[in-house]
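The structure under discussion appears below in the form of C-alpha cells.
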Amino acid sequence: MTIRNLEHMLAPDSVALIGASAEAGSVGAWLARNLAAGFEGRLDFVNPKGGRIEGRTVYRSIAELPAPPSLAVISTPAATVPGIIAELGRRGTRAVVVITAGIKGELRQAMLDAARPHCLRVLGPNCIGLMLPERGVNASFSHIAAPRGDLAFLSQSGALVTGILDWAASRDIGFSHVVSLGDMADVDFGDMLDYLAGDTESRAILVYMEALTHARKFMSAARRAARSKPVIIIKSGRHAAGARAATSHTGALAGLDAAYDAAFRRAGLLRVFELEDLFNAAEVLSRMPRIYGERLTIVTNGGGAGVLATDRVVDLKGALAELSRETIARLDEALPGTWSRANPIDIIGDAGPERYGAAVEAALGDPATDAVLVINCPTAVASSTEAAKAVIAARDRDKESRGRAKPLVTNWLGQSGADDARHLFAAAGIPSFETPGSAVEGFMHLVAHARAQKQLMRAPPSRSIGREPDRAGAHAIIARVLASGRTLLSELEAKELLACYAIPTVPTRFAPSPAAVRAAAADIVPEHGAVVVKILSEDITHKSDVGGVALNLDSPEAAETAAASMLARLAKSHPDARIAGFTVQAMVRRRLAHELIIGVSEDQTFGPLVMFGAGGTSVEVVRDTCLALPPLDLKLAEDLIARTRVSRLLQGYRDRPAADLDAICDTLVKISQLVSDHAEVRELDINPLIADDNGVIALDARVRVADEAAEPRRPMALRPYPIEWERLIRLPEIGPVLIRPIRPEDEHLYARFFKDVTAADSRMRFFSPMKGLTHEFIARLTQVDYAREIAFVALSDIGELLGVARFNADPDYETAEYGILIRSDLKGRGLGRRLMQHLIDYGRAEGLKRIIGYVLAENAGMLGLAISLGFTSTTPDDDPTLRRVVIELTGKPG
C-alpha cells in the first residue's frame, strides 16, 4: 500500500492537460472547459497544433511547458501514453490522470514501467477523471460539476459518476472528492481509502465497487478508514452468472458476493444495496451526532404514518423506546387528551408548531430514547414550515441543556409543500426523508454503523482454547500426501490432521476389504453398539450421494454385508473409481445433537475463507451458512455463528439443551489456526460436526491440499498472527519472559499493568497525564493490524504483562514510529533493551527503512537506551522539549 505522491494528485497547485482540444464536444474540449472554469492555480494546455483554447496559449509539447505540472491529465491516443508519462516523469511531474481507454496488456505494462522510476502515480486509465471542488479542480469530462461538500466519492464506473452528480445536485449533496478509478492500473481503492482516512475535508467516504484488486491492501486501508469516519459501500455484481465449480460443499457455498460481504463486515464498512441508500446513509452518518443506543421514539401528527414507520422499524429489527412515566406526564400537559399516550407519539392531525416543539423536546429528553423520528403530514389547519422551525428550535434547546445532541431524523410528507421545510432541515444539519419507511431506514443506517464500530472494538474472551497445536505433525501429514502425488487426504489422514489441532474426532479404522471391515466391527460393536462403514476412494467426493455410507450396523456380519454391497454397487455406478478400501468407526448416537458444517475454501479475491452453518447431507439445500475471513478469534467465531439461522437452535429449545457454544467457537478458531499455519490447505470440510451440550465431535472430514511452491495459495486478506516472532527469554533479575506479538484478547492484562506504571512514567510515554483507561483506548492498543503495525508484549511466567514495545508504520511501509512502556518497578533490568531490540529486528526483517521516535528531552533513560541501540538524536525546530531519534535499518545490523 502507498499514498506516496498522492498529494500531487489530490491537492495539486498546478495542472497541465495533455491533449487539450478546441473541437466542440470532444473529450479534450470538455476537459479544457472544466479545468478552466474553476482552477485558480497554474493551468497549461498541450496540443501539437498549438493555438489558443479557452483563452489560454496552447503549448505544442511537454518540453515547452514553463514548469513541470503537479498534476497532468492525459487524453491522447493510447499508444502515446507511455511516452508522455516518461517525459512528464523526467520533468518532475508526480501524478497523472489517464482518461484514455484501451490501454491493456503490454501497453498497460509499458505505461506502469514509464511511471515507476519517478514514483509517478497513475489514476485510470479509462476513467472519467477527478473532481476536487474545494480546490476548484474539475479534471473530468463530466457535463455536471460536483458542488462543494464533505463527502468523498470513489467509483469504479465513470458513467455512474455523472448520474450520481446529477442526482446529488438535486438533493443539495456536495463533495470533497469525486474520483473515477477506472481500470486501477496503479491507484486503487486501498490507496484512496488510506489517503482519505487522514483527510480533514471529508466527513464520510462513499464507494461504488465492481471488483477488487489487492485484497490485503484494501482490508488494511479500509479498517483504518472505518475507524476515522463512516465508509459506505455499494457493490454491483452480487449475483454472478456462473459460480466457481468446487469439489467441496464449502467451495460450492462460498459464492463471490458472500466473500465480499464477509470482508466488508470485518473491515467495519457499512454496506448498502441501492444507490439511494448510499446517499441516505451518507446524509445520516455525516450529519448526525454519535448514537449511544438503538431505541427510537416517533413523533407524528398522522397515526397512519406512525404505524408505517413502526412496521419498518420491526422489519429492520430495530427497537422502539418505551416512554418513561415522567415523559408521559410531561406530554399529558402539552398535548390534547386524545394523544396516543405511547410510542409513536401521535400529537393529532391539527398539531401546530407549539405542539410539535413540546412533543419533540419531551421525546429528546426521555431517558429511554436514543433517537427521535419526527413525521409531518400536511394539513390545511397548520403550517408544515412552521412545524419544521419548531422542531429545529426544540433540538437546539435540548442540545444546549444537555451539552450534546441526540440523533434526530425527519419525514415531511408531500412535495412542494415540504420543500421549504426540507431546506430548513438541511441548513440545520438534520436529515430529512420523503417517506416514513426511508426515514426509518436512514436511522437504521446509523444503527448499523454503530454496531459495526462496536464490533471493531469488542475484545474477545481471554480464555484459552487448549493446548498448542502440533504444527510439525500436521506438516508431516500434508507433506506425506503431496509426496505421494495426491491432493486429497483420505478420511483417516484428514482426521489425523484435525487431531493435530485438538479437534475431537471419532476414532476411525481402515479396512482394505469387507472381511477386514467385519474384523474391525467385531472390536467396536461390543463397546459402542453399532458401527458406520464408509467407502474410501479419492475419486468419490461425497460418499453419501453414491451410497457409500452405511449407518447403524449393529453386528460384524451386517458391517461385512454392507461393505460388500457397496463394492458391487459402485462397480456398476462408478466402474473407474479407485477403491482403497473402507473406514469403520463407532456409530455416534447423540439424539439431541445438531449437525453442523465447518469448512475452508479459497476465494479468487480474498484468499482463504472460513465457513460455518447447518450441516448434514442437506447442507446445499438448506443453505444456512456464513463466511468469515481468517484469522478468527473467539469473538469473531461467536459473531460468525450468530449470523446463521441454526444459531437460534443451538441456544436450546423445549427438551433440547443448549449446545456447547464454547466448544464450537474453539473449533472455528482451531480451523482458522490450521489454515493460517499451512498454506497448502486449499479446501476443508468437517461435515457433520456433531454438537450438543457435551461438546463437539467431527464425524467426517475432507481436505484438499496443493504444493505451495508450485501452486501458491492466494494470500490471506488479513495478515495472520506472526507466531514466528514469539521468543522465550530469561533475564537474570526477572526470570523467564515470553516476548510475543500482541493479541486482541490481551486487553484484560492492561488494567493490572497500568496500576504498576507511575504517573511520571505514563507521562513520559504518552506526553500527557492518563485520564483513565477506556475500553476504546485499550482496544486500539491491542487490536493491531499486523500488515502495518506491531506490538510486542513481555509476559511473566504467570501471564502478567511486564512491558510493551510497538511501532506504527506509514502507509508506504518505509518509516515506523515506535513507543515503549515498561512496568515502573522493572525499569533498569534489561527488559526495555530486549523489547526494543526485538522490535528493531522485526522492522529490519520486514524491510522497513527506518524507525523513528519522539522522546521528551527530560527522559534521559529512554534517550540513553536509544543511543546505545544505534539511534541518532536531534531536536525538532518547532519543539525544544522533544528529541527525535532515528535508526536506519537499510544497512547491516550493528
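Within each chain, counting starts at residue 1; across the C-alpha cells, chains are named A, B, ... in the order shown, with ligands numbered 1 upward in that order.
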Exercise. Just asking: which residues within segment 260-345 of chain A are alpha helix (DSSP H) according to DSSP, as a VMD selection string?
Worked result: chain A and resid 260 to 267 275 to 287 303 to 315 325 to 334
For this session: Step one, run DSSP on the backbone; step two, keep only residues of segment 457-689 of chain A assigned to strand (DSSP E); then write them as a ChimeraX atom specification.
Result: /A:508-511,531-536,549-553,581-586,594-603,607-614,625-628,681-689
Residue subset to file, keeping N, CA and C atoms, as a compact mmCIF listing (two decimals), in the first residue's frame:
```txt
# COMPACT_ATOMS: atom_id res chain seq x y z
N THR A 508 -11.34 -43.81 14.02
CA THR A 508 -11.66 -44.42 12.75
C THR A 508 -10.57 -45.42 12.37
N ARG A 509 -10.99 -46.56 11.83
CA ARG A 509 -10.04 -47.60 11.44
C ARG A 509 -10.16 -47.86 9.95
N PHE A 510 -9.04 -48.23 9.34
CA PHE A 510 -9.01 -48.56 7.92
C PHE A 510 -9.19 -50.06 7.75
N ALA A 511 -10.01 -50.39 6.75
CA ALA A 511 -10.22 -51.81 6.43
C ALA A 511 -10.11 -51.98 4.91
N VAL A 531 -21.71 -49.67 14.26
CA VAL A 531 -20.64 -49.02 13.53
C VAL A 531 -21.19 -48.33 12.29
N VAL A 532 -20.34 -47.47 11.73
CA VAL A 532 -20.59 -46.83 10.44
C VAL A 532 -19.49 -47.30 9.50
N VAL A 533 -19.86 -47.70 8.29
CA VAL A 533 -18.90 -48.11 7.28
C VAL A 533 -18.99 -47.13 6.12
N LYS A 534 -17.81 -46.65 5.65
CA LYS A 534 -17.77 -45.70 4.53
C LYS A 534 -16.77 -46.19 3.51
N ILE A 535 -17.10 -45.92 2.27
CA ILE A 535 -16.17 -46.25 1.19
C ILE A 535 -14.99 -45.28 1.27
N LEU A 536 -13.79 -45.75 0.89
CA LEU A 536 -12.60 -44.92 0.91
C LEU A 536 -12.05 -44.86 -0.51
N VAL A 549 -22.07 -44.82 2.24
CA VAL A 549 -22.10 -44.73 3.70
C VAL A 549 -23.22 -45.64 4.21
N ALA A 550 -22.90 -46.47 5.18
CA ALA A 550 -23.89 -47.34 5.81
C ALA A 550 -23.87 -47.08 7.32
N LEU A 551 -25.04 -46.79 7.90
CA LEU A 551 -25.14 -46.40 9.30
C LEU A 551 -25.80 -47.51 10.13
N ASN A 552 -25.60 -47.42 11.44
CA ASN A 552 -26.32 -48.27 12.41
C ASN A 552 -26.15 -49.76 12.14
N LEU A 553 -24.94 -50.16 11.82
CA LEU A 553 -24.67 -51.58 11.59
C LEU A 553 -24.32 -52.21 12.94
N GLY A 581 -10.46 -49.03 -0.08
CA GLY A 581 -10.98 -49.87 0.99
C GLY A 581 -12.13 -49.18 1.68
N PHE A 582 -12.16 -49.31 3.01
CA PHE A 582 -13.26 -48.76 3.80
C PHE A 582 -12.71 -48.14 5.08
N THR A 583 -13.55 -47.27 5.66
CA THR A 583 -13.29 -46.83 7.04
C THR A 583 -14.41 -47.33 7.92
N VAL A 584 -14.03 -47.68 9.12
CA VAL A 584 -15.01 -48.20 10.10
C VAL A 584 -14.86 -47.38 11.37
N GLN A 585 -15.98 -46.89 11.85
CA GLN A 585 -15.95 -46.08 13.06
C GLN A 585 -17.19 -46.36 13.89
N ALA A 586 -17.11 -46.04 15.17
CA ALA A 586 -18.25 -46.23 16.06
C ALA A 586 -19.41 -45.35 15.62
N HIS A 594 -26.92 -31.45 17.17
CA HIS A 594 -27.10 -30.73 15.91
C HIS A 594 -26.00 -31.12 14.95
N GLU A 595 -26.35 -31.23 13.68
CA GLU A 595 -25.35 -31.47 12.64
C GLU A 595 -24.92 -30.13 12.05
N LEU A 596 -23.65 -29.81 12.15
CA LEU A 596 -23.11 -28.55 11.68
C LEU A 596 -22.05 -28.80 10.62
N ILE A 597 -21.67 -27.74 9.94
CA ILE A 597 -20.57 -27.81 8.99
C ILE A 597 -19.59 -26.68 9.30
N ILE A 598 -18.31 -27.01 9.29
CA ILE A 598 -17.24 -26.02 9.35
C ILE A 598 -16.32 -26.30 8.18
N GLY A 599 -15.97 -25.27 7.45
CA GLY A 599 -15.16 -25.51 6.27
C GLY A 599 -14.24 -24.36 5.94
N VAL A 600 -13.39 -24.62 4.97
CA VAL A 600 -12.45 -23.63 4.45
C VAL A 600 -12.48 -23.72 2.93
N SER A 601 -12.48 -22.57 2.28
CA SER A 601 -12.35 -22.54 0.82
C SER A 601 -11.42 -21.41 0.45
N GLU A 602 -11.02 -21.37 -0.81
CA GLU A 602 -10.12 -20.33 -1.29
C GLU A 602 -10.86 -19.46 -2.28
N ASP A 603 -11.02 -18.19 -1.95
CA ASP A 603 -11.69 -17.25 -2.83
C ASP A 603 -10.70 -16.62 -3.80
N GLY A 607 -8.67 -14.87 -0.88
CA GLY A 607 -7.90 -16.00 -0.35
C GLY A 607 -8.75 -16.87 0.54
N PRO A 608 -8.18 -17.46 1.59
CA PRO A 608 -8.91 -18.41 2.44
C PRO A 608 -10.12 -17.76 3.13
N LEU A 609 -11.21 -18.51 3.19
CA LEU A 609 -12.42 -18.13 3.91
C LEU A 609 -12.82 -19.28 4.82
N VAL A 610 -13.36 -18.95 5.99
CA VAL A 610 -13.87 -19.96 6.92
C VAL A 610 -15.39 -19.90 6.87
N MET A 611 -16.02 -21.07 6.80
CA MET A 611 -17.48 -21.15 6.73
C MET A 611 -18.02 -21.90 7.93
N PHE A 612 -19.20 -21.48 8.38
CA PHE A 612 -19.93 -22.18 9.45
C PHE A 612 -21.41 -22.19 9.10
N GLY A 613 -22.09 -23.27 9.50
CA GLY A 613 -23.54 -23.30 9.31
C GLY A 613 -24.13 -24.64 9.65
N ALA A 614 -25.39 -24.80 9.21
CA ALA A 614 -26.10 -26.07 9.41
C ALA A 614 -25.53 -27.09 8.46
N THR A 625 -25.52 -20.94 5.86
CA THR A 625 -24.09 -20.81 6.17
C THR A 625 -23.67 -19.36 6.06
N CYS A 626 -22.60 -19.01 6.76
CA CYS A 626 -22.00 -17.68 6.67
C CYS A 626 -20.48 -17.83 6.60
N LEU A 627 -19.85 -16.80 6.08
CA LEU A 627 -18.40 -16.81 5.87
C LEU A 627 -17.72 -15.75 6.72
N ALA A 628 -16.45 -15.99 7.01
CA ALA A 628 -15.62 -15.01 7.70
C ALA A 628 -14.19 -15.14 7.19
N VAL A 681 -3.17 -26.01 2.57
CA VAL A 681 -4.60 -26.36 2.70
C VAL A 681 -5.42 -25.42 1.83
N ARG A 682 -6.19 -25.98 0.87
CA ARG A 682 -6.99 -25.18 -0.04
C ARG A 682 -8.48 -25.34 0.21
N GLU A 683 -8.91 -26.52 0.58
CA GLU A 683 -10.32 -26.73 0.93
C GLU A 683 -10.38 -27.70 2.09
N LEU A 684 -11.39 -27.49 2.93
CA LEU A 684 -11.57 -28.36 4.09
C LEU A 684 -13.05 -28.39 4.44
N ASP A 685 -13.56 -29.57 4.69
CA ASP A 685 -14.93 -29.75 5.18
C ASP A 685 -14.92 -30.62 6.42
N ILE A 686 -15.57 -30.17 7.47
CA ILE A 686 -15.97 -31.06 8.56
C ILE A 686 -17.48 -31.11 8.48
N ASN A 687 -18.01 -32.21 8.01
CA ASN A 687 -19.45 -32.34 7.82
C ASN A 687 -19.87 -33.80 7.91
N PRO A 688 -20.57 -34.14 9.00
CA PRO A 688 -21.06 -33.21 10.01
C PRO A 688 -20.11 -33.07 11.20
N LEU A 689 -20.20 -31.90 11.82
CA LEU A 689 -19.65 -31.69 13.16
C LEU A 689 -20.83 -31.80 14.11
```
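Of the residues listed (A:Glu560, A:Asp113, A:Glu527, A:Asp785), A:Asp785 shows the shortest atom-to-atom separation from Arg216 of chain A; distances use only C-alpha atoms.
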Problem set entry | Pairwise distance for atom CA of Gly163 of chain A and atom CA of Phe189 of chain A, rounded to one decimal in Å |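 That distance, rounded to one decimal, is 20.5 Å.
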Problem set entry | From A:Arg227, A:Ala359, A:Leu738, A:Ala67, residue lying nearest Ala779 of chain A [only C-alpha atoms] |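 Closest to Ala779 of chain A, using only C-alpha atoms: A:Arg227.
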